[in-house]
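Data first, discussion second: the structure below is written as structure tokens.
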Amino acid sequence: MKKVAHVLWRSHGGIRRHVHYVATHPPSGWATSAVFGPSELAGLFSDAPFYATSIGGVLRLAPDADVVHAHGFTAGLCALRPLRPPVVTTLHVVVGSSGRTASSPFSRAVANVALTRADALIAPSAAAARSYPRARVMAPASEPLAVPRLSRGEVRADLDAPADATVVVTVARLDRDKRLDVFIRAVEGSNSIGWIVGDGPERARLEELAVGTRVRLLGHREDIADILFAADLFALPSASESYGIAIAEALEAGLPVVATDTGAHAELIGGAGVVVAPDDHEGFIAAVKRLVHDEVVRSSLASAARGRRRPDPDALIAELGAVYDELDGRRRARA
């Protein structure tokens with residue numbers, strides 16, 4: 001059995017969930033030897049061989065790995081060591097337009113070193129791969145959306161939302177890239193109720209913006225499926241995304257979606273929503289308002305959402321296994 005070690009660093013949301021899924025569902029012929037990351041992730045990986053470590057100490061603890069899979073450019077850079085096993089690096093941001101690389105030339109230079117020197121490079125969408133033509137585009141594998149535990153009425157009662165109100169929901173890390181101030185404006189402009197699920201550095205600012213509005217910040221939640229099935233519309237005005245797991249889950253819950261044309265959003269949404277340019281804030285607000293007030297169109301888009309299908313995670317894992325096999329074959333041929 002061949003072994004793969006996973007490395008991630010200060011990641012969030014969908015990245016963590018993707019790495020957890022890949023680590024606990026390794027490709028045929030492969031076993032996860034270790035997952036290395038900061039101690040704060042230990043709880044997430046309670047069912048995997050997790051080692052809390054400083055990023056610089058990763059490969060000293062993984063001498064038996066046949067392949068190292070680094071998630072993010074920081075992890076990818078630290079995996080580049082002499083006499084290392086082959087490194088697969090998954091690019092989880094759009095370099096130059098999101099995260100640290102959007103405002104830091106130094107971070108962009110670090111990312112470029114890590115990504116150009118990796119033995120194989122994976123990007124979750126064509127948008128993320130745009131600056132690195134050799135990257136293979138592969139959607140992130142993750143668990144399907146859970147079955148709701150509570151009814152729509154029970155969730156709404158718990159969150160003080162009237163049964164006949166139109167609820168607009170978003171699920172996102174609370175940082176500036178998500179532009180959730182635009183979400184708050186859209187909810188207020190449509191006279192609907194808004195739920196923001198997630199946590200992050202922008203929470204205090206967004207709570208201040210939400211004072212006096214019908215928008216509630218729900219914080220981190222484990223009951224995402226319950227929240228989604230109790231809402232009527234999903235909206236996310238991100239400036240930049242690498243993929244869009246939150247969009248995929250909203251569609252899985254049968255919600256029509258208003259989102260920006262970034263990452264794989266347009267491909268995921270298809271005819272189940274409205275896609276606007278990332279900088280078209282007024283267009284985003286207008287689209288939310290139109291769907292809130294046009295129940296017929298919203299219902300039609302919801303039917304389309306229920307017909308959308310996420311990529312099969314088993315097929316994605318098999319595709320990833322082919323990458324591992326290729327790199328391991330090259331390593332053995334050189335030995």
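Letters A, B, ... mark the chains of the structure tokens in the order given; residue numbers begin at 1 per chain; ligand numbers begin at 1, in order shown.
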- [ ] Report as an NGL selection string: the residues of range 6-228 of chain A with a DSSP assignment of helix (DSSP H, G or I), based on the backbone of this structure.
- [x] :A and (13-24 or 39-41 or 55-57 or 59-61 or 73-78 or 99-102 or 105-117 or 126-129 or 152-158 or 176-178 or 180-190 or 203-210 or 224-228)
Which residues of range 87-179 of chain A sit at most 10 Å from range 184-204 of chain A, using only C-alpha atoms? Give each one's shortest atom pair and distance in Å (one decimal place), in chain and ascending residue order, as a Markdown table.
| residue | atom | partner | partner_atom | distance |
| --- | --- | --- | --- | --- |
| A:Leu159 | CA | A:Trp195 | CA | 9.3 |
| A:Ala161 | CA | A:Ile193 | CA | 7.5 |
| A:Pro162 | CA | A:Ile193 | CA | 9.3 |
| A:Ala165 | CA | A:Ser192 | CA | 6.9 |
| A:Thr166 | CA | A:Ser192 | CA | 5.5 |
| A:Val167 | CA | A:Ile193 | CA | 4.7 |
| A:Val168 | CA | A:Gly194 | CA | 4.8 |
| A:Val169 | CA | A:Trp195 | CA | 4.7 |
| A:Thr170 | CA | A:Ile196 | CA | 5.1 |
| A:Val171 | CA | A:Val197 | CA | 4.7 |
| A:Ala172 | CA | A:Gly198 | CA | 5.3 |
| A:Arg173 | CA | A:Gly198 | CA | 5.3 |
| A:Leu174 | CA | A:Gly200 | CA | 4.3 |
| A:Asp175 | CA | A:Glu202 | CA | 5.1 |
| A:Arg176 | CA | A:Glu202 | CA | 6.9 |
| A:Lys178 | CA | A:Glu202 | CA | 9.8 |
| A:Arg179 | CA | A:Ile184 | CA | 9.3 |
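Note that the spacing between CA of Asp177 in chain A and CA of Glu207 in chain A amounts to 16.6 Å.
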Tell me which protein, DNA and RNA residues are within 10 Å of Ile247 in chain A, counting only C-alpha atoms, leaving out same-chain ones fewer than 5 positions away, and put them as a PDB file with C-alpha atoms, in the first residue's frame.
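The result, written out as selection-v7.pdb:
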ATOM      1  CA  THR A 170     -25.249  33.017   2.839  1.00  0.00           C
ATOM      2  CA  VAL A 171     -22.533  30.732   4.202  1.00  0.00           C
ATOM      3  CA  ALA A 172     -19.039  32.190   4.149  1.00  0.00           C
ATOM      4  CA  PHE A 234     -28.813  31.870  -1.364  1.00  0.00           C
ATOM      5  CA  ALA A 235     -26.676  34.918  -2.176  1.00  0.00           C
ATOM      6  CA  LEU A 236     -22.905  35.387  -2.169  1.00  0.00           C
ATOM      7  CA  GLU A 252     -28.041  20.658  -3.293  1.00  0.00           C
ATOM      8  CA  ALA A 253     -30.587  22.094  -0.832  1.00  0.00           C
ATOM      9  CA  LEU A 255     -32.013  26.988  -3.323  1.00  0.00           C
ATOM     10  CA  PRO A 256     -31.824  29.399  -6.241  1.00  0.00           C
ATOM     11  CA  VAL A 257     -28.561  31.331  -6.123  1.00  0.00           C
ATOM     12  CA  VAL A 258     -27.408  34.881  -6.789  1.00  0.00           C
ATOM     13  CA  ALA A 259     -23.622  34.989  -6.974  1.00  0.00           C
ATOM     14  CA  ALA A 264     -16.630  27.770 -10.610  1.00  0.00           C
ATOM     15  CA  HIS A 265     -19.813  29.669  -9.682  1.00  0.00           C
ATOM     16  CA  ALA A 266     -21.215  30.067 -13.195  1.00  0.00           C
ATOM     17  CA  LEU A 268     -22.109  25.213 -10.797  1.00  0.00           C
ATOM     18  CA  ILE A 269     -25.188  27.434 -10.995  1.00  0.00           C
TER      19      ILE A 269
END
Open item on the list: Set the distance at 8 Å and use only C-alpha atoms: which residues neighbour Ser39 in chain A once local chain neighbours fewer than 3 positions away are removed? I'd like the list as a count of residues only.
Closed with: 4
Open item on the list: Can you tell me, as a ChimeraX atom specification, which residues in range 12-234 of chain A count as strand (DSSP E or B) by DSSP?
Closed with: /A:30-37,50-52,67-71,87-90,120-123,136-137,167-171,193-197,215-219,233-234
